[in-house]
Structure formats: structure tokens, C-alpha cells
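Raw contents of upload09.txt, compact mmCIF, C-alpha atoms and all ligand atoms:
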```txt
# COMPACT_ATOMS: atom_id res chain seq x y z
CA MET A 1 19.38 1.30 -13.13
CA ARG A 2 19.55 3.81 -15.93
CA GLN A 3 16.54 2.18 -17.52
CA THR A 4 14.62 2.35 -14.26
CA SER A 5 15.22 6.07 -13.89
CA GLN A 6 14.18 6.60 -17.49
CA ILE A 7 10.95 4.76 -16.81
CA SER A 8 10.22 6.73 -13.67
CA LYS A 9 10.95 10.01 -15.47
CA LEU A 10 8.46 8.97 -18.09
CA ALA A 11 5.97 8.00 -15.42
CA SER A 12 6.27 11.28 -13.55
CA LEU A 13 5.85 13.10 -16.81
CA ARG A 14 2.66 11.19 -17.45
CA ALA A 15 1.54 11.82 -13.88
CA GLY A 16 2.12 15.50 -14.56
CA PHE A 17 -0.20 15.39 -17.53
CA ALA A 18 -2.80 13.49 -15.54
CA VAL A 19 -2.69 16.11 -12.79
CA LEU A 20 -3.00 18.87 -15.36
CA SER A 21 -6.07 17.31 -16.89
CA ILE A 22 -7.65 16.85 -13.47
CA PHE A 23 -7.17 20.56 -12.79
CA ALA A 24 -8.58 21.36 -16.22
CA LEU A 25 -11.61 19.22 -15.47
CA SER A 26 -12.26 20.68 -12.05
CA GLY A 27 -12.12 24.11 -13.64
CA ILE A 28 -15.08 23.23 -15.84
CA VAL A 29 -17.09 21.24 -13.32
CA SER A 30 -16.53 23.35 -10.25
CA PRO A 31 -18.64 21.69 -7.52
CA VAL A 32 -16.75 18.38 -7.62
CA SER A 33 -16.41 18.60 -3.87
CA ALA A 34 -20.10 17.81 -3.34
CA ALA A 35 -18.74 14.97 -1.22
CA ASP A 36 -17.20 17.46 1.18
CA PRO A 37 -19.66 17.82 4.08
CA VAL A 38 -18.72 21.40 5.09
CA PRO A 39 -17.43 23.39 2.16
CA MET A 40 -18.53 26.74 3.61
CA ALA A 41 -17.47 26.69 7.24
CA PRO A 42 -13.81 25.88 7.77
CA ALA A 43 -13.29 24.42 11.23
CA ALA A 44 -10.29 25.45 13.30
CA GLU A 45 -8.12 22.51 12.18
CA ALA A 46 -9.61 22.01 8.73
CA LYS A 47 -8.19 24.76 6.59
CA PRO A 48 -10.51 25.70 3.70
CA ALA A 49 -9.99 23.78 0.46
CA VAL A 50 -6.25 23.32 0.77
CA PRO A 51 -5.55 20.85 -2.03
CA GLY A 52 -2.98 18.93 0.04
CA LYS A 53 -5.37 18.44 2.95
CA PRO A 54 -8.59 16.88 1.66
CA LYS A 55 -11.21 15.55 4.07
CA ALA A 56 -11.81 11.81 3.95
CA ASP A 57 -15.13 10.51 2.60
CA SER A 58 -15.25 6.81 3.34
CA ALA A 59 -18.61 6.25 1.55
CA ALA A 60 -17.25 7.79 -1.65
CA GLY A 61 -14.17 5.59 -1.22
CA GLU A 62 -16.32 2.49 -0.87
CA ALA A 63 -18.28 3.35 -4.02
CA LEU A 64 -15.12 3.95 -6.06
CA TYR A 65 -13.47 0.81 -4.68
CA ASN A 66 -16.46 -1.36 -5.56
CA ALA A 67 -17.56 0.09 -8.88
CA GLY A 68 -14.72 2.23 -10.24
CA ASP A 69 -15.67 5.18 -12.41
CA ALA A 70 -15.80 4.46 -16.12
CA THR A 71 -16.07 8.16 -17.01
CA ARG A 72 -12.63 8.76 -15.49
CA GLY A 73 -11.07 5.42 -16.33
CA VAL A 74 -10.97 4.22 -12.71
CA VAL A 75 -11.07 0.41 -12.60
CA ALA A 76 -12.97 -1.18 -9.69
CA CYS A 77 -10.33 -2.18 -7.15
CA ILE A 78 -12.58 -5.01 -5.92
CA THR A 79 -11.81 -6.88 -9.16
CA CYS A 80 -8.40 -7.84 -7.80
CA HIS A 81 -8.30 -6.81 -4.16
CA GLY A 82 -11.60 -8.52 -3.29
CA PRO A 83 -14.67 -7.49 -1.28
CA LYS A 84 -13.71 -5.10 1.58
CA GLY A 85 -10.04 -5.42 0.61
CA GLN A 86 -9.91 -9.13 1.41
CA SER A 87 -8.19 -10.39 -1.70
CA ALA A 88 -8.53 -14.07 -2.62
CA VAL A 89 -5.41 -14.27 -4.79
CA SER A 90 -1.94 -14.54 -3.28
CA THR A 91 -0.23 -12.08 -5.63
CA TRP A 92 -2.89 -9.40 -5.07
CA PRO A 93 -2.34 -7.91 -1.62
CA LYS A 94 -4.99 -7.78 1.05
CA LEU A 95 -5.76 -4.12 1.78
CA SER A 96 -8.33 -4.41 4.57
CA ALA A 97 -7.50 -2.78 7.92
CA GLN A 98 -4.37 -1.20 6.47
CA HIS A 99 -3.38 2.21 7.86
CA ALA A 100 -4.85 4.88 5.60
CA ALA A 101 -1.71 7.02 5.48
CA TYR A 102 0.34 4.02 4.32
CA THR A 103 -2.18 3.16 1.59
CA VAL A 104 -2.26 6.75 0.36
CA LYS A 105 1.53 6.85 0.28
CA GLN A 106 1.67 3.68 -1.83
CA LEU A 107 -0.94 4.94 -4.30
CA LYS A 108 0.98 8.20 -4.71
CA SER A 109 4.21 6.28 -5.20
CA TYR A 110 2.70 4.10 -7.93
CA LYS A 111 1.31 7.19 -9.62
CA ASP A 112 4.58 9.15 -9.58
CA GLY A 113 6.52 6.04 -10.55
CA SER A 114 8.64 5.84 -7.39
CA ARG A 115 7.10 2.41 -6.65
CA VAL A 116 7.32 0.48 -9.89
CA ASN A 117 4.54 -1.92 -10.85
CA ALA A 118 2.95 -1.88 -14.29
CA ILE A 119 -0.55 -2.87 -13.11
CA MET A 120 -0.79 -0.47 -10.19
CA MET A 121 0.81 2.39 -12.08
CA GLY A 122 -2.10 2.15 -14.50
CA MET A 123 -4.68 1.77 -11.72
CA SER A 124 -3.45 4.79 -9.76
CA MET A 125 -3.08 7.17 -12.73
CA PRO A 126 -6.73 8.37 -12.80
CA LEU A 127 -6.94 8.72 -9.00
CA ASN A 128 -6.60 12.19 -7.45
CA GLU A 129 -5.55 12.79 -3.85
CA GLN A 130 -9.14 12.94 -2.66
CA ASP A 131 -9.90 9.54 -4.26
CA MET A 132 -6.81 8.05 -2.66
CA LEU A 133 -7.72 9.34 0.79
CA ASN A 134 -11.34 8.20 0.41
CA ILE A 135 -10.45 4.66 -0.66
CA ALA A 136 -7.67 4.35 1.94
CA THR A 137 -10.00 5.50 4.71
CA TYR A 138 -12.70 3.06 3.64
CA LEU A 139 -10.16 0.19 3.60
CA SER A 140 -8.72 1.14 7.00
CA GLN A 141 -12.20 0.65 8.50
CA GLN A 142 -12.61 -2.94 7.23
CA ALA A 143 -11.86 -6.00 9.35
CA PRO A 144 -8.43 -7.56 8.89
CA SER A 145 -8.33 -10.58 6.62
CA GLN A 146 -6.80 -13.57 8.34
CA GLY A 147 -4.52 -16.20 6.90
CA VAL A 148 -2.43 -19.19 7.92
CA ALA A 149 1.24 -20.12 7.92
CA GLU A 150 1.53 -23.11 5.64
CA ASN A 151 5.10 -24.37 5.94
CA LYS A 152 5.53 -26.23 9.24
CA ASP A 153 9.26 -26.66 8.62
CA THR A 154 9.99 -22.93 8.63
CA ILE A 155 7.52 -21.56 11.16
CA LEU A 156 10.06 -21.47 13.95
CA LEU A 157 12.67 -19.75 11.80
CA GLY A 158 10.06 -17.23 10.65
CA GLN A 159 8.89 -16.61 14.19
CA ASN A 160 12.44 -16.11 15.48
CA ILE A 161 13.20 -13.56 12.77
CA TYR A 162 9.90 -11.77 13.24
CA ARG A 163 10.16 -11.54 17.01
CA GLY A 164 13.89 -11.27 17.55
CA GLY A 165 15.55 -10.39 14.25
CA ILE A 166 18.92 -11.94 13.39
CA ALA A 167 21.52 -10.47 15.75
CA SER A 168 24.52 -11.95 13.93
CA LYS A 169 23.55 -10.13 10.74
CA GLY A 170 22.27 -6.94 12.35
CA VAL A 171 18.68 -7.60 11.26
CA GLN A 172 16.20 -5.85 13.55
CA ALA A 173 13.09 -7.62 14.83
CA CYS A 174 10.19 -7.09 12.44
CA ALA A 175 7.89 -6.86 15.47
CA GLY A 176 9.65 -3.65 16.52
CA CYS A 177 8.02 -1.78 13.66
CA HIS A 178 5.24 -4.03 12.41
CA SER A 179 4.11 -4.78 16.02
CA PRO A 180 4.12 -8.19 17.73
CA ASN A 181 0.74 -9.27 16.30
CA GLY A 182 1.42 -7.86 12.84
CA ALA A 183 -1.10 -5.04 13.09
CA GLY A 184 1.59 -2.50 12.28
CA ILE A 185 1.93 0.92 13.87
CA PRO A 186 -0.01 3.82 12.40
CA SER A 187 0.78 5.51 10.27
CA GLN A 188 4.20 4.57 8.87
CA TYR A 189 4.52 0.87 9.60
CA PRO A 190 2.11 -1.23 7.56
CA ARG A 191 0.01 -4.11 8.81
CA GLN A 192 1.55 -7.48 7.90
CA GLY A 193 -0.63 -9.93 9.81
CA GLY A 194 -2.68 -12.17 7.54
CA GLN A 195 -1.07 -10.88 4.36
CA TRP A 196 -0.52 -13.41 1.55
CA ALA A 197 2.93 -14.97 1.96
CA GLU A 198 3.58 -14.84 -1.76
CA TYR A 199 2.90 -11.09 -1.90
CA SER A 200 5.07 -10.38 1.18
CA TYR A 201 7.89 -12.49 -0.22
CA ASN A 202 7.71 -10.61 -3.54
CA GLN A 203 7.98 -7.31 -1.69
CA LEU A 204 10.91 -8.49 0.44
CA MET A 205 12.62 -9.56 -2.76
CA ASN A 206 11.92 -6.12 -4.30
CA PHE A 207 13.40 -4.41 -1.23
CA ASN A 208 16.34 -6.84 -1.28
CA GLN A 209 17.05 -6.04 -4.92
CA GLY A 210 16.39 -2.32 -4.45
CA THR A 211 13.61 -2.22 -7.05
CA ARG A 212 11.25 -1.01 -4.30
CA LYS A 213 12.80 1.84 -2.35
CA ASN A 214 12.58 2.41 1.40
CA LEU A 215 15.68 3.11 3.48
CA GLN A 216 14.64 0.93 6.42
CA MET A 217 13.36 -2.02 4.41
CA ASN A 218 16.17 -1.96 1.83
CA SER A 219 18.69 -2.31 4.63
CA ILE A 220 16.73 -5.04 6.45
CA ALA A 221 15.72 -7.16 3.44
CA GLY A 222 19.17 -6.75 1.93
CA LYS A 223 20.55 -8.88 4.75
CA LEU A 224 17.99 -11.68 4.47
CA SER A 225 18.59 -14.89 2.53
CA ASP A 226 15.96 -16.33 0.24
CA ILE A 227 15.02 -18.97 2.82
CA GLU A 228 14.73 -16.34 5.55
CA MET A 229 12.48 -14.16 3.39
CA LYS A 230 10.23 -17.12 2.60
CA ALA A 231 10.10 -18.24 6.24
CA VAL A 232 9.20 -14.85 7.67
CA SER A 233 6.62 -14.18 4.91
CA ASP A 234 4.90 -17.47 5.65
CA TYR A 235 4.98 -16.76 9.39
CA MET A 236 3.45 -13.30 8.91
CA ALA A 237 0.56 -14.78 6.90
CA GLY A 238 -0.58 -16.56 10.07
CA LEU A 239 -0.14 -13.63 12.44
CA ARG A 240 -3.25 -12.12 14.00
C1 LIG A 301 -5.76 -6.02 -12.14
C2 LIG A 301 -5.62 -6.22 -10.73
C3 LIG A 301 -5.61 -4.98 -9.84
C4 LIG A 301 -6.55 -3.96 -9.77
C5 LIG A 301 -7.81 -3.79 -10.59
C6 LIG A 301 -6.09 -3.08 -8.71
N1 LIG A 301 -4.93 -3.55 -8.16
FE1 LIG A 301 -3.94 -2.75 -6.58
N2 LIG A 301 -2.49 -4.18 -6.73
C7 LIG A 301 -2.45 -5.17 -7.70
C8 LIG A 301 -1.17 -5.86 -7.63
C9 LIG A 301 -0.72 -7.01 -8.51
C10 LIG A 301 -0.44 -5.25 -6.57
C11 LIG A 301 0.99 -5.57 -6.11
C12 LIG A 301 1.93 -4.64 -6.87
C13 LIG A 301 3.36 -4.63 -6.42
O1 LIG A 301 3.97 -5.69 -6.36
O2 LIG A 301 3.86 -3.54 -6.08
C14 LIG A 301 -1.30 -4.21 -6.04
C15 LIG A 301 -0.94 -3.38 -4.97
C16 LIG A 301 -1.76 -2.40 -4.44
C17 LIG A 301 -1.43 -1.61 -3.27
C18 LIG A 301 -0.19 -1.74 -2.40
C19 LIG A 301 -0.51 -2.58 -1.18
C20 LIG A 301 0.57 -2.63 -0.14
O3 LIG A 301 0.39 -3.36 0.84
O4 LIG A 301 1.61 -1.95 -0.27
C21 LIG A 301 -2.48 -0.75 -3.07
C22 LIG A 301 -2.63 0.27 -1.96
C23 LIG A 301 -3.45 -0.99 -4.13
N3 LIG A 301 -2.98 -2.01 -4.94
C24 LIG A 301 -4.65 -0.30 -4.27
C25 LIG A 301 -5.50 -0.44 -5.36
C26 LIG A 301 -6.64 0.42 -5.60
C27 LIG A 301 -7.06 1.57 -4.71
C28 LIG A 301 -7.24 -0.01 -6.75
C29 LIG A 301 -8.45 0.55 -7.47
C30 LIG A 301 -8.37 1.94 -7.85
C31 LIG A 301 -6.47 -1.16 -7.22
N4 LIG A 301 -5.42 -1.37 -6.35
C32 LIG A 301 -6.77 -1.91 -8.34
C33 LIG A 301 -3.47 -5.48 -8.58
C34 LIG A 301 -4.59 -4.69 -8.82
C1 LIG A 302 12.68 0.07 11.46
C2 LIG A 302 11.31 -0.28 11.14
C3 LIG A 302 11.07 -1.56 10.37
C4 LIG A 302 11.51 -2.83 10.69
C5 LIG A 302 12.37 -3.25 11.85
C6 LIG A 302 10.94 -3.71 9.69
N1 LIG A 302 10.16 -3.00 8.81
FE1 LIG A 302 9.14 -3.75 7.22
N2 LIG A 302 8.52 -1.89 6.71
C7 LIG A 302 8.88 -0.73 7.36
C8 LIG A 302 8.31 0.40 6.65
C9 LIG A 302 8.48 1.87 7.02
C10 LIG A 302 7.61 -0.12 5.55
C11 LIG A 302 6.81 0.67 4.49
C12 LIG A 302 7.72 1.05 3.36
C13 LIG A 302 7.01 1.93 2.37
O1 LIG A 302 6.43 2.94 2.78
O2 LIG A 302 7.03 1.59 1.19
C14 LIG A 302 7.76 -1.57 5.62
C15 LIG A 302 7.20 -2.44 4.68
C16 LIG A 302 7.35 -3.81 4.74
C17 LIG A 302 6.76 -4.72 3.78
C18 LIG A 302 5.86 -4.36 2.61
C19 LIG A 302 4.42 -4.36 3.06
C20 LIG A 302 3.43 -4.20 1.96
O3 LIG A 302 2.24 -4.25 2.28
O4 LIG A 302 3.80 -4.03 0.79
C21 LIG A 302 7.13 -6.00 4.18
C22 LIG A 302 6.73 -7.29 3.50
C23 LIG A 302 7.94 -5.85 5.35
N3 LIG A 302 8.07 -4.51 5.67
C24 LIG A 302 8.49 -6.92 6.05
C25 LIG A 302 9.36 -6.79 7.13
C26 LIG A 302 10.04 -7.90 7.75
C27 LIG A 302 9.90 -9.34 7.34
C28 LIG A 302 10.80 -7.38 8.76
C29 LIG A 302 11.76 -8.09 9.68
C30 LIG A 302 12.79 -8.91 9.06
C31 LIG A 302 10.58 -5.94 8.77
N4 LIG A 302 9.70 -5.63 7.76
C32 LIG A 302 11.16 -5.07 9.66
C33 LIG A 302 9.62 -0.64 8.52
C34 LIG A 302 10.24 -1.69 9.16
```
Show me this structure written as C-alpha cells.
Amino acid sequence: MRQTSQISKLASLRAGFAVLSIFALSGIVSPVSAADPVPMAPAAEAKPAVPGKPKADSAAGEALYNAGDATRGVVACITCHGPKGQSAVSTWPKLSAQHAAYTVKQLKSYKDGSRVNAIMMGMSMPLNEQDMLNIATYLSQQAPSQGVAENKDTILLGQNIYRGGIASKGVQACAGCHSPNGAGIPSQYPRQGGQWAEYSYNQLMNFNQGTRKNLQMNSIAGKLSDIEMKAVSDYMAGLR
């Protein structure tokens, strides 16, 4: 635990430096917001250039997702997460059709070290809030990637947990938050349908162990056995 908090302190320190250098850069190259369609006329809801409220540019997100930006050290996300967010590798999550606000939240959490993963911490470091919103918006507009449940022996167990929870252990139905067909509920509750079982299982294990932090999911996954986590992950992979 102590080590973890040391690491996240270090990470937030680094994030601090990254943010500083982004500000320094934008000071020199002022019209970075060329992507912003209406820089001059703030609409009623869109307050002018508030750093916390950038406007989404899906085309810029697509370009960054597909090609990265070598000048800023942004690696092309497509390398691992696949064309349109439809990853072909079971440890690299599918990102297509995910709610944009959820994706942005995860990218921020990797960057500030509150969600710990060595690869994604590195990938998110050079991204600013505008990049995150752009990429997340682009991904949210892509078709969901479908999958299949592979373990016939545990499908029923997985389905029961997903639809009804486990009353005897006080586990709520996953469907209540992630929706019956796994599409999730914007913007807090992520899409699960079609996700790689191996990735979902890894995340449930992280929530179970407390290495990934979320009050709701730590409590829920903390009550699941290994077999239950595997069964429900496999079931969710086939949801559509
Ligand atoms: C080298 C491979 C690799 C590259 C390149 C990569 N990622 Fe990832 N990404 C991963 C892995 C592995 C995970 C799972 C990490 C974990 O367990 O938390 C992940 C997780 C994520 C998640 C969390 C998904 C969820 O459902 O919670 C998001 C969002 C994400 N990546 C976005 C990006 C973006 C945006 C880029 C490009 C800027 C990118 N990734 C580049 C490997 C990669
Ligand atoms: C009370 C609402 C709620 C219920 C019920 C719930 N979840 Fe979640 N779940 C969440 C939230 C919120 C998140 C996003 C956490 C975050 O922001 O990091 C999440 C995230 C997840 C993730 C990570 C997704 C990703 O892309 O990384 C998995 C896997 C997951 N839940 C599985 C389940 C399973 C399996 C069940 C049922 C046993 C379940 N959840 C029940 C609210 C819920």
C-alpha cells in the first residue's frame, strides 16, 4: 500500500510537470485551438475558452488515435486498441462505442496515477484534456465490437450473476448499472457488452484486490469468487 501511494505521488508529480510543459508550449504557439470551430463567438452554453470545458473535435480525435503525434510523443492508439477501437487482443480492451465521459475519466486517472497501469500511464502522459475529449468522442461514435461467450459450462452462472446478482452475498445485478444488454448507461456506467473476457476478468480482479479504485466496483467485486468473476466476464463478452 505504502509503495502504491509512493508511486502515485511520483506519477502525479510527473503529471504536474507534463501539464506545466503543455502550458509553456501553448504560450509559445498560441493558436493551438485551430481545431475549435468557433473561437470568437461564445454560444450561450459554451463559455469562452474555459480550460476545463473544451469542445469535442471527433476528426482530430480520429487522426490522433490512428497516427499519434510524434512531435508530442503521442503513440498511435490503434497499435494496440485496433481500428475504430475494435481491439484484436484479449488483454487490450475494446474501446469502440464506449461512453466518452467514461473514457475521458479513465485517461485522466491513468495520467494522474489514480488508475495504475504502466503502459497506459505512459500513453496518457502526453495527452491534454482536449486530446482526451477528442479521442473519447471519436471512439464513442464507432460501432460496438461484438464477441462471444466461450465457456459453455459457466454461461448460466455468468448470466444469473449479470442479470440477478447474488442475493446471498449482497451482490447487486450487474445489469442494474451496466444495462441488460451490456451497453452501459451514459455517462458513468461503462459498456461491457462484447468486451474481451480476459480484460474484464483482469479488471474485476483489480477491483477485488483494491488496486483499481471505485467505491461501487470495489464493494461488488470484493464479494465475488474467482470462478464467479471468470463466469460473468465470459458471459459479458457475448452480450450485445
Ligand atoms: C502498447 C499498447 C497500448 C497502446 C499503444 C495504447 N493502449 Fe490503451 N490500454 C492498453 C492496455 C494494456 C490497457 C489495459 C490497462 C489496465 O489494465 O488498466 C489499456 C487501457 C485503456 C483504456 C481503459 C479502457 C477501459 O475500458 O477502462 C483506455 C481508455 C485506453 N487504453 C485508451 C488509449 C488511448 C487513447 C491510446 C492512445 C493515445 C492508447 N490507449 C494506447 C494498451 C495500450
Ligand atoms: C452500482 C452500479 C454498478 C453495478 C451494480 C456494477 N457495476 Fe461495474 N462498474 C460501475 C462503475 C461506476 C464502473 C466504472 C468505474 C470507474 O470509473 O473506474 C464500473 C466498471 C466495471 C468494469 C470495468 C470496465 C472497464 O472497461 O474497465 C467491469 C469489468 C465491471 N464494472 C463489471 C461489473 C460486474 C461483473 C458487475 C456485476 C457483478 C458490475 N460491474 C456491477 C458500476 C457498477
Item to check | Counting all atoms listed in the file, the residue of A:Ser145, A:Gln203, A:Ser219, A:Gln192 that sits nearest A:Val116 | outcome: A:Gln203
Checklist entry - Neighbours of ligand LIG 301 (chain A) within 7 Å, counting all atoms listed in the file, as a ChimeraX atom specification? => result /A:65,68,74-81,91-95,103-104,106-107,115-117,119-120,123-124,132,135,202-203
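Closest to A:Ala143 among A:Gly85, A:Pro54, A:Gly210, A:Gly222 is A:Gly85, based on all atoms listed in the file.
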Counting all atoms listed in the file, which residues of chain A sit at most 9 Å from some atom of ligand LIG 302 (chain A), and what is each one's closest atom pair with its distance in Å to one decimal, listed by chain and rising residue number, as JSON lines?
```
{"residue": "A:Pro93", "atom": "CA", "partner": "A:LIG302", "partner_atom": "O3", "distance": 7.0}
{"residue": "A:Lys94", "atom": "CA", "partner": "A:LIG302", "partner_atom": "O3", "distance": 8.1}
{"residue": "A:Leu95", "atom": "CA", "partner": "A:LIG302", "partner_atom": "O3", "distance": 8.0}
{"residue": "A:Gln98", "atom": "CA", "partner": "A:LIG302", "partner_atom": "O3", "distance": 8.4}
{"residue": "A:Tyr102", "atom": "CA", "partner": "A:LIG302", "partner_atom": "O1", "distance": 6.4}
{"residue": "A:Thr103", "atom": "CA", "partner": "A:LIG302", "partner_atom": "O3", "distance": 8.7}
{"residue": "A:Lys105", "atom": "CA", "partner": "A:LIG302", "partner_atom": "O1", "distance": 6.7}
{"residue": "A:Gln106", "atom": "CA", "partner": "A:LIG302", "partner_atom": "O2", "distance": 6.5}
{"residue": "A:Ser109", "atom": "CA", "partner": "A:LIG302", "partner_atom": "O2", "distance": 8.4}
{"residue": "A:Arg115", "atom": "CA", "partner": "A:LIG302", "partner_atom": "O2", "distance": 7.9}
{"residue": "A:Gly158", "atom": "CA", "partner": "A:LIG302", "partner_atom": "C27", "distance": 8.6}
{"residue": "A:Ile161", "atom": "CA", "partner": "A:LIG302", "partner_atom": "C30", "distance": 6.0}
{"residue": "A:Tyr162", "atom": "CA", "partner": "A:LIG302", "partner_atom": "C29", "distance": 5.4}
{"residue": "A:Arg163", "atom": "CA", "partner": "A:LIG302", "partner_atom": "C29", "distance": 8.3}
{"residue": "A:Gly164", "atom": "CA", "partner": "A:LIG302", "partner_atom": "C29", "distance": 8.8}
{"residue": "A:Gly165", "atom": "CA", "partner": "A:LIG302", "partner_atom": "C30", "distance": 6.1}
{"residue": "A:Ile166", "atom": "CA", "partner": "A:LIG302", "partner_atom": "C30", "distance": 8.1}
{"residue": "A:Val171", "atom": "CA", "partner": "A:LIG302", "partner_atom": "C30", "distance": 6.4}
{"residue": "A:Gln172", "atom": "CA", "partner": "A:LIG302", "partner_atom": "C5", "distance": 4.9}
{"residue": "A:Ala173", "atom": "CA", "partner": "A:LIG302", "partner_atom": "C5", "distance": 5.3}
{"residue": "A:Cys174", "atom": "CA", "partner": "A:LIG302", "partner_atom": "C29", "distance": 3.3}
{"residue": "A:Ala175", "atom": "CA", "partner": "A:LIG302", "partner_atom": "C5", "distance": 6.8}
{"residue": "A:Gly176", "atom": "CA", "partner": "A:LIG302", "partner_atom": "C5", "distance": 5.4}
{"residue": "A:Cys177", "atom": "CA", "partner": "A:LIG302", "partner_atom": "C2", "distance": 4.4}
{"residue": "A:His178", "atom": "CA", "partner": "A:LIG302", "partner_atom": "N1", "distance": 6.2}
{"residue": "A:Gly184", "atom": "CA", "partner": "A:LIG302", "partner_atom": "N2", "distance": 8.9}
{"residue": "A:Gln188", "atom": "CA", "partner": "A:LIG302", "partner_atom": "C9", "distance": 5.4}
{"residue": "A:Tyr189", "atom": "CA", "partner": "A:LIG302", "partner_atom": "C8", "distance": 4.8}
{"residue": "A:Pro190", "atom": "CA", "partner": "A:LIG302", "partner_atom": "C11", "distance": 5.9}
{"residue": "A:Arg191", "atom": "CA", "partner": "A:LIG302", "partner_atom": "O3", "distance": 6.9}
{"residue": "A:Gln192", "atom": "CA", "partner": "A:LIG302", "partner_atom": "C19", "distance": 6.4}
{"residue": "A:Gln195", "atom": "CA", "partner": "A:LIG302", "partner_atom": "O3", "distance": 7.7}
{"residue": "A:Ala197", "atom": "CA", "partner": "A:LIG302", "partner_atom": "C22", "distance": 8.7}
{"residue": "A:Tyr199", "atom": "CA", "partner": "A:LIG302", "partner_atom": "O4", "distance": 7.6}
{"residue": "A:Ser200", "atom": "CA", "partner": "A:LIG302", "partner_atom": "C22", "distance": 4.2}
{"residue": "A:Tyr201", "atom": "CA", "partner": "A:LIG302", "partner_atom": "C22", "distance": 6.5}
{"residue": "A:Asn202", "atom": "CA", "partner": "A:LIG302", "partner_atom": "C22", "distance": 7.8}
{"residue": "A:Gln203", "atom": "CA", "partner": "A:LIG302", "partner_atom": "C22", "distance": 5.3}
{"residue": "A:Leu204", "atom": "CA", "partner": "A:LIG302", "partner_atom": "C22", "distance": 5.3}
{"residue": "A:Met205", "atom": "CA", "partner": "A:LIG302", "partner_atom": "C22", "distance": 8.9}
{"residue": "A:Phe207", "atom": "CA", "partner": "A:LIG302", "partner_atom": "C17", "distance": 8.3}
{"residue": "A:Arg212", "atom": "CA", "partner": "A:LIG302", "partner_atom": "O2", "distance": 7.4}
{"residue": "A:Lys213", "atom": "CA", "partner": "A:LIG302", "partner_atom": "O2", "distance": 6.8}
{"residue": "A:Asn214", "atom": "CA", "partner": "A:LIG302", "partner_atom": "C12", "distance": 5.4}
{"residue": "A:Leu215", "atom": "CA", "partner": "A:LIG302", "partner_atom": "C9", "distance": 8.1}
{"residue": "A:Gln216", "atom": "CA", "partner": "A:LIG302", "partner_atom": "C1", "distance": 5.5}
{"residue": "A:Met217", "atom": "CA", "partner": "A:LIG302", "partner_atom": "FE1", "distance": 5.4}
{"residue": "A:Ile220", "atom": "CA", "partner": "A:LIG302", "partner_atom": "C30", "distance": 6.1}
{"residue": "A:Ala221", "atom": "CA", "partner": "A:LIG302", "partner_atom": "C30", "distance": 6.6}
{"residue": "A:Lys223", "atom": "CA", "partner": "A:LIG302", "partner_atom": "C30", "distance": 8.9}
{"residue": "A:Leu224", "atom": "CA", "partner": "A:LIG302", "partner_atom": "C30", "distance": 7.5}
{"residue": "A:Glu228", "atom": "CA", "partner": "A:LIG302", "partner_atom": "C30", "distance": 8.4}
{"residue": "A:Met229", "atom": "CA", "partner": "A:LIG302", "partner_atom": "C27", "distance": 6.7}
{"residue": "A:Ala231", "atom": "CA", "partner": "A:LIG302", "partner_atom": "C27", "distance": 9.0}
{"residue": "A:Val232", "atom": "CA", "partner": "A:LIG302", "partner_atom": "C27", "distance": 5.6}
{"residue": "A:Ser233", "atom": "CA", "partner": "A:LIG302", "partner_atom": "C27", "distance": 6.3}
{"residue": "A:Met236", "atom": "CA", "partner": "A:LIG302", "partner_atom": "C27", "distance": 7.7}
```
Checklist entry - Separation of atom CA of A:Ala237 and atom CA of A:Gln146, in Å? => result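 Pair atom CA of A:Ala237 / atom CA of A:Gln146 returns 7.6 Å.
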